[in-house]
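Asks: Once you've had a glance at the structure underneath, I'll fire off some questions.
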Amino acid sequence: MKRRLVLLGAPGSGKGTQAEMITRQFGIPVTSPILRRERDLGTPLGLKTAETLQRGDLVSDDIIIELIEDWLRLHGSHGFVFDGFPRTLPQAQSLSSILARLRTALDLAIWLEVSEETVRERISGRLQCRSCGFVTSANAAKFSERAVCPYCDGHLERRSDDDVTVLQKRLAEYNTKTQPLADFYRKMSILHRIDGNRDREVVFADVSGLIEDKR
Ligand code: AMP
């Protein structure tokens with residue numbers, strides 16, 4: 001089984017959803033979503049980076065790499081799903097060196113491919129539970145009176161960076177800084193592209209196949 005993976009893709013491609021399904025099915029720990037959690041908890045790091053998140057810019061590589069190193073120190077490098085990391089070439093290169101130092105390597109880089117239409121549709125209707133982080137769409141959820149999480153009864157709300165102008169910036173960052181990683185991981189022969197426009201269960205069947213190495 002492949003246990004060390006990164007999930008890559010545009011905002012709204014389903015990285016968080018798939019990461020959660022992987023953890024539930026295979027018990028592999030997931031990193032997501034470190035920075036949003038720091039912001040919501042109001043930690044010094046969260047306060048320092050909140051504005052960057054709100055603008056839709058990427059946080060500096062140094063900060064992210066330190067977070068990932070901390071995460072690996074705490075959880076070990078036996079198995080992990082990095083959701084939305086790396087997002088730049090320096091981040092990808094640092095991850096490779098960190099893992100080499102730990103005498104291990106990535107097994108899989110899964111790229112969730114989505115059309116711009118899917119991104120806009122999902123982001124404009126995306127709702128997230130304030131308590132447990134469950135993500136759903138306003139269309140899928142049939143709310144009678146109030147938006148309530150089906151799992152924990154928490155309040156469902158829109159992400160503040162899901163606003164149209166911020167999304168524009170997040171997509172621009174993705175196109176210029178993250179897209180080049182495809183080449184990086186293709187050269188390492190661990191890149192797998194999956195059509196992320198489909199339902200979460202259908203996408204997950206493909207993701208599971210890769211993790212279980214049934215190809
Ligand atoms: P996410 O929770 O993955 O949707 O990311 C929300 C925001 O956190 C992004 O728009 C960035 O501002 C920041 N962020 C998350 N991951 C990274 C990363 N690997 N590099 C830089 N910034 C990041």
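Residue numbering restarts at 1 for every chain of the structure tokens, chains are lettered A, B, ... in their displayed order, and ligands are numbered from 1 as they appear.
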Pull the closest atom pair for each residue of segment 130-201 of chain A that gets at most 12 Å from segment 102-106 of chain A, along with the distance in Å to one decimal, counting only C-alpha atoms, ordering rows by chain and then ascending residue number, as a tab-separated table.
Replies:
```
residue	atom	partner	partner_atom	distance
A:Tyr185	CA	A:Leu106	CA	9.7
A:Met188	CA	A:Leu106	CA	9.5
A:Ser189	CA	A:Leu106	CA	10.6
A:Ile190	CA	A:Leu106	CA	7.9
A:Leu191	CA	A:Leu106	CA	10.4
```
Asks: Pull N, CA, C and O atoms from the residues just selected and write them as a PDB file, in the first residue's frame.
Replies:
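In the end it all went to part-v4.pdb:
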```
ATOM      1  N   TYR A 185       6.875  16.302 -10.482  1.00  0.00           N
ATOM      2  CA  TYR A 185       6.483  14.965 -10.038  1.00  0.00           C
ATOM      3  C   TYR A 185       6.390  13.966 -11.196  1.00  0.00           C
ATOM      4  O   TYR A 185       6.541  12.768 -10.999  1.00  0.00           O
ATOM      5  N   MET A 188       9.669  12.492 -11.481  1.00  0.00           N
ATOM      6  CA  MET A 188       9.941  11.507 -10.424  1.00  0.00           C
ATOM      7  C   MET A 188       9.114  10.235 -10.628  1.00  0.00           C
ATOM      8  O   MET A 188       9.186   9.305  -9.826  1.00  0.00           O
ATOM      9  N   SER A 189       8.284  10.237 -11.685  1.00  0.00           N
ATOM     10  CA  SER A 189       7.417   9.091 -12.029  1.00  0.00           C
ATOM     11  C   SER A 189       6.406   8.734 -10.945  1.00  0.00           C
ATOM     12  O   SER A 189       6.062   7.564 -10.772  1.00  0.00           O
ATOM     13  N   ILE A 190       5.933   9.743 -10.200  1.00  0.00           N
ATOM     14  CA  ILE A 190       4.915   9.433  -9.180  1.00  0.00           C
ATOM     15  C   ILE A 190       3.637  10.249  -9.395  1.00  0.00           C
ATOM     16  O   ILE A 190       2.733  10.228  -8.568  1.00  0.00           O
ATOM     17  N   LEU A 191       3.568  10.958 -10.530  1.00  0.00           N
ATOM     18  CA  LEU A 191       2.398  11.809 -10.780  1.00  0.00           C
ATOM     19  C   LEU A 191       1.236  11.008 -11.369  1.00  0.00           C
ATOM     20  O   LEU A 191       1.418  10.255 -12.324  1.00  0.00           O
TER      21      LEU A 191
END
```
Asks: Name all residues at most 12 Å from Leu67 of chain A (count only C-alpha atoms; drop same-chain ones fewer than 5 positions away) and give them as a list of chain:residue names.
Replies: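 Using only C-alpha atoms, the neighbours found are A:Thr31, A:Ser32, A:Pro33, A:Ile34, A:Leu35, A:Glu38, A:Leu45, A:Gly46, A:Val59, A:Ser60, A:Asp61, A:Asp62, A:Leu72, A:Arg73, A:Leu74, A:Phe82, A:Phe85, A:Pro86, A:Gln91, A:Leu95.
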Asks: List all protein, DNA and RNA residues that have at least one atom no more than 9 Å from any atom of ligand 1, counting only C-alpha atoms and all ligand atoms, and write them as a count of residues only.
Replies: 40
Asks: Can you tell me how far atom CA of Arg158 of chain A sits from atom CA of Thr17 of chain A, in Å to one decimal?
Replies: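 These atoms are spaced 15.7 Å apart.
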Asks: Could you pull out the residues in segment 8-176 of chain A that DSSP calls alpha helix (DSSP H) from the backbone, as a PDB file with C-alpha atoms, in the first residue's frame?
Replies:
```pdb
ATOM      1  CA  LYS A  15      -8.417  17.894  -2.030  1.00  0.00           C
ATOM      2  CA  GLY A  16      -9.849  18.345   1.458  1.00  0.00           C
ATOM      3  CA  THR A  17     -12.763  16.022   0.778  1.00  0.00           C
ATOM      4  CA  GLN A  18     -10.541  13.271  -0.625  1.00  0.00           C
ATOM      5  CA  ALA A  19      -7.995  13.716   2.185  1.00  0.00           C
ATOM      6  CA  GLU A  20     -10.735  13.182   4.731  1.00  0.00           C
ATOM      7  CA  MET A  21     -12.014  10.078   2.908  1.00  0.00           C
ATOM      8  CA  ILE A  22      -8.475   8.649   2.721  1.00  0.00           C
ATOM      9  CA  THR A  23      -7.988   9.127   6.466  1.00  0.00           C
ATOM     10  CA  ARG A  24     -11.304   7.502   7.233  1.00  0.00           C
ATOM     11  CA  GLN A  25     -10.738   4.524   4.921  1.00  0.00           C
ATOM     12  CA  PHE A  26      -7.018   3.893   5.350  1.00  0.00           C
ATOM     13  CA  ILE A  34      -3.212  23.803   9.090  1.00  0.00           C
ATOM     14  CA  LEU A  35      -3.257  27.497   8.292  1.00  0.00           C
ATOM     15  CA  ARG A  36      -7.006  27.965   8.421  1.00  0.00           C
ATOM     16  CA  ARG A  37      -7.018  26.233  11.779  1.00  0.00           C
ATOM     17  CA  GLU A  38      -4.250  28.481  13.121  1.00  0.00           C
ATOM     18  CA  ARG A  39      -6.277  31.491  11.963  1.00  0.00           C
ATOM     19  CA  ASP A  40      -9.506  30.225  13.534  1.00  0.00           C
ATOM     20  CA  LEU A  41      -7.688  29.502  16.811  1.00  0.00           C
ATOM     21  CA  PRO A  44       0.340  34.075  16.694  1.00  0.00           C
ATOM     22  CA  LEU A  45       1.019  32.301  13.395  1.00  0.00           C
ATOM     23  CA  GLY A  46      -2.678  32.413  12.506  1.00  0.00           C
ATOM     24  CA  LEU A  47      -2.815  36.148  13.176  1.00  0.00           C
ATOM     25  CA  LYS A  48       0.375  36.732  11.209  1.00  0.00           C
ATOM     26  CA  THR A  49      -0.906  34.894   8.119  1.00  0.00           C
ATOM     27  CA  ALA A  50      -4.643  35.705   8.253  1.00  0.00           C
ATOM     28  CA  GLU A  51      -4.361  38.685   5.894  1.00  0.00           C
ATOM     29  CA  THR A  52      -2.430  36.671   3.327  1.00  0.00           C
ATOM     30  CA  LEU A  53      -5.114  33.982   3.387  1.00  0.00           C
ATOM     31  CA  GLN A  54      -7.827  36.586   3.042  1.00  0.00           C
ATOM     32  CA  ARG A  55      -6.126  38.114  -0.016  1.00  0.00           C
ATOM     33  CA  ASP A  61       7.571  29.023   1.699  1.00  0.00           C
ATOM     34  CA  ASP A  62       9.620  29.283   4.923  1.00  0.00           C
ATOM     35  CA  ILE A  63       6.524  29.341   7.116  1.00  0.00           C
ATOM     36  CA  ILE A  64       4.886  26.420   5.331  1.00  0.00           C
ATOM     37  CA  ILE A  65       8.014  24.285   5.295  1.00  0.00           C
ATOM     38  CA  GLU A  66       8.538  24.814   9.013  1.00  0.00           C
ATOM     39  CA  LEU A  67       4.935  23.750   9.653  1.00  0.00           C
ATOM     40  CA  ILE A  68       5.400  20.595   7.626  1.00  0.00           C
ATOM     41  CA  GLU A  69       8.677  19.775   9.400  1.00  0.00           C
ATOM     42  CA  ASP A  70       6.916  20.204  12.755  1.00  0.00           C
ATOM     43  CA  TRP A  71       4.064  18.025  11.558  1.00  0.00           C
ATOM     44  CA  LEU A  72       6.470  15.271  10.494  1.00  0.00           C
ATOM     45  CA  ARG A  73       8.339  15.488  13.804  1.00  0.00           C
ATOM     46  CA  LEU A  74       5.058  15.008  15.635  1.00  0.00           C
ATOM     47  CA  HIS A  75       3.463  12.344  13.429  1.00  0.00           C
ATOM     48  CA  LEU A  89       8.557  24.432  -6.564  1.00  0.00           C
ATOM     49  CA  PRO A  90      10.750  25.419  -3.570  1.00  0.00           C
ATOM     50  CA  GLN A  91       8.218  23.712  -1.273  1.00  0.00           C
ATOM     51  CA  ALA A  92       8.337  20.535  -3.390  1.00  0.00           C
ATOM     52  CA  GLN A  93      12.133  20.574  -3.422  1.00  0.00           C
ATOM     53  CA  SER A  94      12.282  21.095   0.348  1.00  0.00           C
ATOM     54  CA  LEU A  95       9.863  18.249   0.921  1.00  0.00           C
ATOM     55  CA  SER A  96      12.056  15.922  -1.144  1.00  0.00           C
ATOM     56  CA  SER A  97      15.143  16.898   0.885  1.00  0.00           C
ATOM     57  CA  ILE A  98      13.337  16.573   4.226  1.00  0.00           C
ATOM     58  CA  LEU A  99      12.119  13.092   3.291  1.00  0.00           C
ATOM     59  CA  ALA A 100      15.552  12.090   1.986  1.00  0.00           C
ATOM     60  CA  ARG A 101      17.025  13.163   5.327  1.00  0.00           C
ATOM     61  CA  GLU A 116     -12.718  26.195 -14.317  1.00  0.00           C
ATOM     62  CA  GLU A 117     -16.467  25.730 -14.563  1.00  0.00           C
ATOM     63  CA  THR A 118     -16.368  23.071 -11.827  1.00  0.00           C
ATOM     64  CA  VAL A 119     -14.215  25.312  -9.633  1.00  0.00           C
ATOM     65  CA  ARG A 120     -16.560  28.290  -9.940  1.00  0.00           C
ATOM     66  CA  GLU A 121     -19.658  26.179  -9.425  1.00  0.00           C
ATOM     67  CA  ARG A 122     -18.258  24.403  -6.344  1.00  0.00           C
ATOM     68  CA  ILE A 123     -16.753  27.445  -4.714  1.00  0.00           C
ATOM     69  CA  SER A 124     -19.823  29.594  -5.189  1.00  0.00           C
ATOM     70  CA  GLY A 125     -21.999  26.955  -3.504  1.00  0.00           C
ATOM     71  CA  VAL A 164     -15.176  35.803  -6.229  1.00  0.00           C
ATOM     72  CA  THR A 165     -12.272  38.310  -6.167  1.00  0.00           C
ATOM     73  CA  VAL A 166     -10.249  36.278  -3.685  1.00  0.00           C
ATOM     74  CA  LEU A 167     -10.894  33.157  -5.755  1.00  0.00           C
ATOM     75  CA  GLN A 168      -9.496  34.965  -8.787  1.00  0.00           C
ATOM     76  CA  LYS A 169      -6.249  35.521  -6.886  1.00  0.00           C
ATOM     77  CA  ARG A 170      -6.119  31.951  -5.568  1.00  0.00           C
ATOM     78  CA  LEU A 171      -6.548  30.633  -9.119  1.00  0.00           C
ATOM     79  CA  ALA A 172      -3.806  32.938 -10.412  1.00  0.00           C
ATOM     80  CA  GLU A 173      -1.447  31.712  -7.664  1.00  0.00           C
TER      81      GLU A 173
END
```
Asks: Pick from A:Glu113, A:Arg200, A:Asn139, A:Ala10: nearest to Thr176 of chain A, with only C-alpha atoms counted?
Replies: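 Distance minimum relative to Thr176 of chain A lands on A:Ala10.
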Asks: DSSP on the backbone, then: every residue of segment 71-117 of chain A marked strand (DSSP E or B), written as a ChimeraX atom specification.
Replies: /A:80-83,108-113
Asks: Store the residues picked out above in a file with C-alpha atoms, as a PDB file, in the first residue's frame.
Replies:
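And here is the file that came out, result-v9.pdb:
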```pdb
ATOM      1  CA  PHE A  80       0.823  11.047   5.514  1.00  0.00           C
ATOM      2  CA  VAL A  81      -1.557  12.860   3.204  1.00  0.00           C
ATOM      3  CA  PHE A  82      -0.474  16.418   2.532  1.00  0.00           C
ATOM      4  CA  ASP A  83      -3.537  18.343   1.424  1.00  0.00           C
ATOM      5  CA  LEU A 108       2.280   9.274  -4.865  1.00  0.00           C
ATOM      6  CA  ALA A 109       1.462  12.759  -6.132  1.00  0.00           C
ATOM      7  CA  ILE A 110      -2.241  12.781  -6.941  1.00  0.00           C
ATOM      8  CA  TRP A 111      -3.432  15.678  -9.063  1.00  0.00           C
ATOM      9  CA  LEU A 112      -7.164  16.329  -9.002  1.00  0.00           C
ATOM     10  CA  GLU A 113      -7.966  17.838 -12.389  1.00  0.00           C
TER      11      GLU A 113
END
```
Asks: Record the distance separating atom CA of Glu201 of chain A and atom CA of Arg4 of chain A, expressed in Å with one decimal.
Replies: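 Interatomic distance, atom CA of Glu201 of chain A to atom CA of Arg4 of chain A: 21.1 Å.
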Asks: Write out as a short mmCIF file (atom, residue, chain, number, x, y, z; two decimals) with N, CA and C atoms, in the first residue's frame which residues come within 12 Å of Tyr151 of chain A when counting only C-alpha atoms, dropping same-chain ones fewer than 2 positions away.
Replies:
```cif
data_model
loop_
_atom_site.label_atom_id
_atom_site.label_comp_id
_atom_site.auth_asym_id
_atom_site.auth_seq_id
_atom_site.Cartn_x
_atom_site.Cartn_y
_atom_site.Cartn_z
N GLN A 128 -19.18 25.17 4.65
CA GLN A 128 -18.33 24.38 5.55
C GLN A 128 -18.83 24.49 6.98
N CYS A 129 -18.74 23.36 7.70
CA CYS A 129 -19.18 23.38 9.09
C CYS A 129 -18.14 24.10 9.95
N ARG A 130 -18.61 25.06 10.73
CA ARG A 130 -17.71 25.84 11.58
C ARG A 130 -17.08 24.96 12.67
N SER A 131 -17.81 23.89 13.09
CA SER A 131 -17.29 23.06 14.18
C SER A 131 -16.40 21.92 13.70
N CYS A 132 -16.88 21.09 12.74
CA CYS A 132 -16.09 19.91 12.39
C CYS A 132 -15.42 20.01 11.03
N GLY A 133 -15.70 21.05 10.26
CA GLY A 133 -15.00 21.24 8.99
C GLY A 133 -15.63 20.50 7.82
N PHE A 134 -16.73 19.78 8.05
CA PHE A 134 -17.39 19.05 6.96
C PHE A 134 -17.75 20.03 5.84
N VAL A 135 -17.47 19.60 4.59
CA VAL A 135 -17.74 20.47 3.44
C VAL A 135 -18.89 19.91 2.63
N THR A 136 -19.83 20.78 2.25
CA THR A 136 -20.95 20.34 1.43
C THR A 136 -21.31 21.47 0.47
N VAL A 148 -27.40 23.52 8.77
CA VAL A 148 -26.85 22.75 9.89
C VAL A 148 -26.06 21.56 9.38
N CYS A 149 -24.93 21.29 10.01
CA CYS A 149 -24.08 20.17 9.62
C CYS A 149 -24.79 18.84 9.90
N ASP A 153 -24.28 18.91 13.76
CA ASP A 153 -25.24 19.98 14.06
C ASP A 153 -24.60 21.36 14.12
N GLY A 154 -23.33 21.44 13.71
CA GLY A 154 -22.64 22.74 13.72
C GLY A 154 -23.21 23.67 12.66
N HIS A 155 -22.79 24.93 12.72
CA HIS A 155 -23.29 25.94 11.79
C HIS A 155 -22.54 25.85 10.45
N LEU A 156 -23.27 25.74 9.34
CA LEU A 156 -22.62 25.71 8.03
C LEU A 156 -22.50 27.12 7.50
#
```
Asks: A:Leu7, A:Ile28, A:Met1, A:Val114: which is nearest Lys214 of chain A, counting only C-alpha atoms?
Replies: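 Under the stated criterion, the closest residue is A:Met1.
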Asks: Measure the distance from atom CA of Ser13 of chain A to atom CA of Asn197 of chain A in Å and round it to one decimal.
Replies: 7.5 Å
